[in-house]
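S.K.: If you scroll down you'll find the structure; I have some questions about it.
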Amino acid sequence: MSFISYLINGISLGSVYAIIALGYTMVYGIAKMLNFAHGDVIMVGAYIVLTCVTGAGLNPIVAIIIATIACTIFGIVIEGVAYRPLRNAASPLAVLITAIGVSYLLQNLALLIFGSNTKSFPEVIKLPNLKLAGGKLTITGTTILTIVLCIVIMAGLMLFINKTKAGQAMLAVSEDKGAAQLMGINVNKTISMTFAIGSALAAIAGVLLCSAYPSLTPYTGSMPGIKAFVAAVFGGIGSVPGALIGGIILGIIEILGKAYISSQLADAIVFAVLIVVLLVKPTGILGKNIQEKV
């Protein structure tokens with residue numbers, strides 16, 4: 001039963017990584033940029049929920065909606081201010097350095113506003129636990145919601161990309177920005193929409209992550225953001241299904257590593273597995289679909 005419990009927890013954690021990884025994989029697939037500030041949007045969303053619930057006394061659902069809308073706008077602003085001017089930069093390092101700079105800016109702003117002390121995240125997800133095998137196996141409501149939400153988001157996103165005009169525009173921009181513009185597609189608007197969707201998902205992931213591990217600091221989004229990027233690369237960066245597969249596998253490896261090997265070495269094991277996978281298949285698990293699936 002312990003192994004099954006660890007496996008379920010791994011899938012739950014991996015589902016959070018997958019939701020975050022979608023932001024990385026969509027932005028890279030369409031704009032060919034790595035938004036390393038994406039992980040810190042998780043922290044921003046979580047702090048907004050914390051402030052709305054504990055400070056303003058709002059209903060948790062309302063707080064989550066406010067955080068999602070705020071992070072959506074925030075993603076558009078980050079793209080317009082920090083990344084759009086560098087889209088045609090001579091060196092891709094300019095975008096990478098800017099992304100790291102935005103990440104540190106968000107962390108330090110959070111330090112100034114909220115301080116460095118760890119905040120206790122409020123209980124915003126109140127669902128009953130599921131008991132199986134005569135009570136020997138307990139699955140929390142947060143775990144169930146996280147897994148279900150990940151599947152729903154992934155399916156909804158795939159339908160959006162493949163069945164809507166906006167999604168088709170994203171595919172066209174991913175394939176060839178110049179040709180898409182000649183066909184009348186607003187490239188700037190499409191890329192901004194990609195950042196908006198990714199940031200909205202980051203806010204949701206932040207709530208799920210902090211509900212499972214109820215503590216919040218200005219650095220909360222840093223390591224999950226890096227691991228989600230690893231998940232995106234693991235699955236094949238630029239591939240939406242790859243983000244799901246990479247996230248789930250990564251979450252399972254991390255939880256099983258903590259349980260059976262060492263909690264201190266769990267992160268090292270995750271990155272070691274990534275290195276092995278990339279040595280065997282540099283494009284990731286679904287790397288062949290990078291240009292076919294955003």
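By convention here, the chains of the structure tokens are called A, B, ... in the order presented, each chain's residues are numbered starting at 1, and ligands are numbered starting at 1 in the order presented.
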Step one, run DSSP on the backbone; step two, keep only residues of segment 25-255 of chain A assigned to strand (DSSP E or B); then write them as a PyMOL selection string.
M.R.: chain A and resi 119-120+130-132+137-139+215-216
S.K.: At a cut-off of 9 Å, using only C-alpha atoms, what residues contact Tyr6 of chain A? Leave out same-chain residues fewer than 3 positions from it and give the result as a list in words.
M.R.: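 Contacts, with the query itself left out: Met1, Ser2, Phe3, Asn9, Gly10, Ile11, Ile252, Ile255, Leu256 and Ala259 of chain A.
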S.K.: Give me, please, the distance in Å between atom CA of Ala202 of chain A and atom CA of Glu254 of chain A, quoted to one decimal.
M.R.: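 A separation of 20.3 Å between them.
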S.K.: Pick out the residues sitting within 12 Å of segment 59-62 of chain A, and hand them over as a VMD selection string; count only C-alpha atoms, and ignore anything fewer than 3 positions along from it in its own chain.
M.R.: chain A and resid 46 48 to 56 65 to 69 121 to 126 204 207 211
S.K.: I'd like the neighbourhood of Met154 of chain A as number ranges by chain, where a residue qualifies if any of its atoms comes within 9 Å (using only C-alpha atoms), though same-chain residues fewer than 3 positions away should be ignored.
M.R.: A: 18-19, 22, 149-151, 157-159, 240-241, 244
S.K.: Okay, now the selection with all heavy atoms, as an mmCIF file, in the first residue's frame?
M.R.:
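So the final result, stored in part_12.cif, reads:
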data_model
loop_
_atom_site.group_PDB
_atom_site.id
_atom_site.type_symbol
_atom_site.label_atom_id
_atom_site.label_comp_id
_atom_site.auth_asym_id
_atom_site.auth_seq_id
_atom_site.Cartn_x
_atom_site.Cartn_y
_atom_site.Cartn_z
ATOM 1 N N ALA A 18 3.355 19.313 -14.680
ATOM 2 C CA ALA A 18 2.858 19.303 -16.060
ATOM 3 C C ALA A 18 2.117 20.596 -16.388
ATOM 4 O O ALA A 18 2.287 21.160 -17.476
ATOM 5 C CB ALA A 18 1.944 18.094 -16.277
ATOM 6 N N ILE A 19 1.298 21.082 -15.450
ATOM 7 C CA ILE A 19 0.555 22.326 -15.674
ATOM 8 C C ILE A 19 1.515 23.502 -15.824
ATOM 9 O O ILE A 19 1.340 24.368 -16.688
ATOM 10 C CB ILE A 19 -0.445 22.576 -14.523
ATOM 11 C CG1 ILE A 19 -1.522 21.494 -14.507
ATOM 12 C CG2 ILE A 19 -1.091 23.957 -14.663
ATOM 13 C CD1 ILE A 19 -2.436 21.540 -13.294
ATOM 14 N N LEU A 22 3.459 23.404 -19.178
ATOM 15 C CA LEU A 22 2.712 23.854 -20.354
ATOM 16 C C LEU A 22 3.092 25.279 -20.735
ATOM 17 O O LEU A 22 3.162 25.617 -21.921
ATOM 18 C CB LEU A 22 1.203 23.778 -20.079
ATOM 19 C CG LEU A 22 0.575 22.396 -20.142
ATOM 20 C CD1 LEU A 22 -0.861 22.454 -19.679
ATOM 21 C CD2 LEU A 22 0.669 21.844 -21.551
ATOM 22 N N LEU A 149 -7.807 17.893 -12.568
ATOM 23 C CA LEU A 149 -7.662 19.217 -13.184
ATOM 24 C C LEU A 149 -6.584 19.206 -14.261
ATOM 25 O O LEU A 149 -6.735 19.840 -15.312
ATOM 26 C CB LEU A 149 -7.331 20.246 -12.106
ATOM 27 C CG LEU A 149 -7.689 21.709 -12.388
ATOM 28 C CD1 LEU A 149 -9.166 21.843 -12.718
ATOM 29 C CD2 LEU A 149 -7.341 22.578 -11.193
ATOM 30 N N CYS A 150 -5.495 18.493 -14.007
ATOM 31 C CA CYS A 150 -4.416 18.390 -14.996
ATOM 32 C C CYS A 150 -4.923 17.758 -16.286
ATOM 33 O O CYS A 150 -4.647 18.254 -17.391
ATOM 34 C CB CYS A 150 -3.253 17.583 -14.427
ATOM 35 S SG CYS A 150 -1.902 17.315 -15.598
ATOM 36 N N ILE A 151 -5.678 16.665 -16.155
ATOM 37 C CA ILE A 151 -6.218 15.982 -17.337
ATOM 38 C C ILE A 151 -7.185 16.884 -18.096
ATOM 39 O O ILE A 151 -7.141 16.983 -19.332
ATOM 40 C CB ILE A 151 -6.911 14.667 -16.923
ATOM 41 C CG1 ILE A 151 -5.893 13.693 -16.329
ATOM 42 C CG2 ILE A 151 -7.624 14.027 -18.110
ATOM 43 C CD1 ILE A 151 -6.508 12.475 -15.671
ATOM 44 N N LEU A 157 -6.810 22.240 -23.550
ATOM 45 C CA LEU A 157 -5.784 22.978 -24.298
ATOM 46 C C LEU A 157 -5.563 22.363 -25.676
ATOM 47 O O LEU A 157 -5.407 23.080 -26.681
ATOM 48 C CB LEU A 157 -4.478 22.989 -23.505
ATOM 49 C CG LEU A 157 -3.387 23.953 -23.981
ATOM 50 C CD1 LEU A 157 -3.890 25.382 -23.992
ATOM 51 C CD2 LEU A 157 -2.160 23.840 -23.099
ATOM 52 N N MET A 158 -5.558 21.036 -25.741
ATOM 53 C CA MET A 158 -5.388 20.365 -27.031
ATOM 54 C C MET A 158 -6.566 20.674 -27.962
ATOM 55 O O MET A 158 -6.381 20.919 -29.161
ATOM 56 C CB MET A 158 -5.264 18.851 -26.830
ATOM 57 C CG MET A 158 -3.975 18.426 -26.149
ATOM 58 S SD MET A 158 -2.500 18.864 -27.095
ATOM 59 C CE MET A 158 -2.715 17.857 -28.547
ATOM 60 N N LEU A 159 -7.778 20.684 -27.413
ATOM 61 C CA LEU A 159 -8.955 21.027 -28.214
ATOM 62 C C LEU A 159 -8.877 22.477 -28.683
ATOM 63 O O LEU A 159 -9.200 22.790 -29.836
ATOM 64 C CB LEU A 159 -10.238 20.806 -27.398
ATOM 65 C CG LEU A 159 -10.662 19.359 -27.175
ATOM 66 C CD1 LEU A 159 -11.839 19.285 -26.207
ATOM 67 C CD2 LEU A 159 -11.036 18.697 -28.505
ATOM 68 N N VAL A 240 2.825 19.649 -26.236
ATOM 69 C CA VAL A 240 1.863 19.677 -25.125
ATOM 70 C C VAL A 240 1.709 18.302 -24.468
ATOM 71 O O VAL A 240 1.791 18.184 -23.248
ATOM 72 C CB VAL A 240 0.494 20.227 -25.606
ATOM 73 C CG1 VAL A 240 -0.580 20.025 -24.549
ATOM 74 C CG2 VAL A 240 0.616 21.716 -25.933
ATOM 75 N N PRO A 241 1.494 17.215 -25.233
ATOM 76 C CA PRO A 241 1.446 15.891 -24.590
ATOM 77 C C PRO A 241 2.760 15.548 -23.887
ATOM 78 O O PRO A 241 2.766 14.881 -22.859
ATOM 79 C CB PRO A 241 1.184 14.933 -25.762
ATOM 80 C CG PRO A 241 0.592 15.769 -26.832
ATOM 81 C CD PRO A 241 1.229 17.110 -26.690
ATOM 82 N N LEU A 244 2.845 16.820 -20.354
ATOM 83 C CA LEU A 244 2.084 15.944 -19.451
ATOM 84 C C LEU A 244 2.903 14.716 -19.076
ATOM 85 O O LEU A 244 3.067 14.406 -17.888
ATOM 86 C CB LEU A 244 0.778 15.521 -20.112
ATOM 87 C CG LEU A 244 -0.047 14.480 -19.340
ATOM 88 C CD1 LEU A 244 -0.493 15.027 -18.004
ATOM 89 C CD2 LEU A 244 -1.254 14.026 -20.165
#
S.K.: Show me a table, sorted first by chain and then by increasing residue number, of the residues of segment 27-145 of chain A having an atom at most 12 Å from segment 170-185 of chain A, each with its shortest atom pair and the distance in Å to one decimal, counting only C-alpha atoms and written as JSON lines.
M.R.:
{"residue": "A:Val27", "atom": "CA", "partner": "A:Ser174", "partner_atom": "CA", "distance": 9.4}
{"residue": "A:Tyr28", "atom": "CA", "partner": "A:Ser174", "partner_atom": "CA", "distance": 8.8}
{"residue": "A:Gly29", "atom": "CA", "partner": "A:Ser174", "partner_atom": "CA", "distance": 5.9}
{"residue": "A:Ile30", "atom": "CA", "partner": "A:Ser174", "partner_atom": "CA", "distance": 4.0}
{"residue": "A:Ala31", "atom": "CA", "partner": "A:Ser174", "partner_atom": "CA", "distance": 6.8}
{"residue": "A:Lys32", "atom": "CA", "partner": "A:Ser174", "partner_atom": "CA", "distance": 8.1}
{"residue": "A:Met33", "atom": "CA", "partner": "A:Ser174", "partner_atom": "CA", "distance": 11.3}
{"residue": "A:Arg87", "atom": "CA", "partner": "A:Lys177", "partner_atom": "CA", "distance": 11.3}
{"residue": "A:Asn88", "atom": "CA", "partner": "A:Lys177", "partner_atom": "CA", "distance": 11.5}
S.K.: Could you pull out all residues of segment 46-227 of chain A with a DSSP call of helix (DSSP H, G or I) and give them as a ChimeraX atom specification?
M.R.: /A:46-55,60-86,93-114,141-163,165-175,177-182,187-212,222-227
S.K.: With only C-alpha atoms as the atoms that count, which of A:Met26, A:Leu34, A:Leu208, A:Leu265 lies nearest to Ile147 of chain A?
M.R.: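 So, comparing all the options, the nearest one is A:Leu208.
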S.K.: Nearest residue to Gly75 of chain A out of A:Ser5, A:Ser192, A:Gln168, A:Asn162, using only C-alpha atoms?
M.R.: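 For Gly75 of chain A, the nearest of the candidates is A:Ser192.
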S.K.: Record the distance separating atom CA of Val273 of chain A and atom CA of Ile253 of chain A, expressed in Å with one decimal.
M.R.: 8.7 Å
S.K.: Quote the spacing between atom CA of Ile73 of chain A and atom CA of Met193 of chain A in Å to one decimal place.
M.R.: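 Distance reported for this atom pair: 9.9 Å.
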S.K.: Env of Gly235 of chain A: 6 Å cut, atoms = only C-alpha atoms, seq-sep filter 5 positions within chain, self excluded. Answer as a ChimeraX atom specification.
M.R.: /A:242-243,245-246,284-286
S.K.: If we count only C-alpha atoms, what is near Val95 of chain A at a cut-off of 10 Å, once residues fewer than 4 positions away on the same chain are taken out, given as a list in words?
M.R.: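 Contacts, with the query itself left out: Met33, Leu34, Asn35, Phe36, Ala82, Tyr83, Arg84, Pro85, Leu86, Arg87, Asn88, Ala89, Ser91, Ala99, Ile100 and Gly101 of chain A.
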S.K.: Check the smallest atom-to-atom distance from each of A:Leu127, A:Ala70, A:Ala155, A:Val44 to Leu105 of chain A using only C-alpha atoms, then report the winner.
M.R.: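 Smallest distance to Leu105 of chain A is found for A:Val44.
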S.K.: For a quick check of understanding, using only C-alpha atoms, which of A:Tyr47, A:Tyr260, A:Phe160, A:Tyr219 has the smallest distance to Ala203 of chain A?
M.R.: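 Once distances to Ala203 of chain A are computed over only C-alpha atoms, the minimum belongs to A:Tyr47.
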S.K.: If you count only C-alpha atoms, which residues fall within 8 Å of Thr283 of chain A, apart from same-chain ones fewer than 5 positions away, as a PyMOL selection string?
M.R.: chain A and resi 233+236-237+278+288
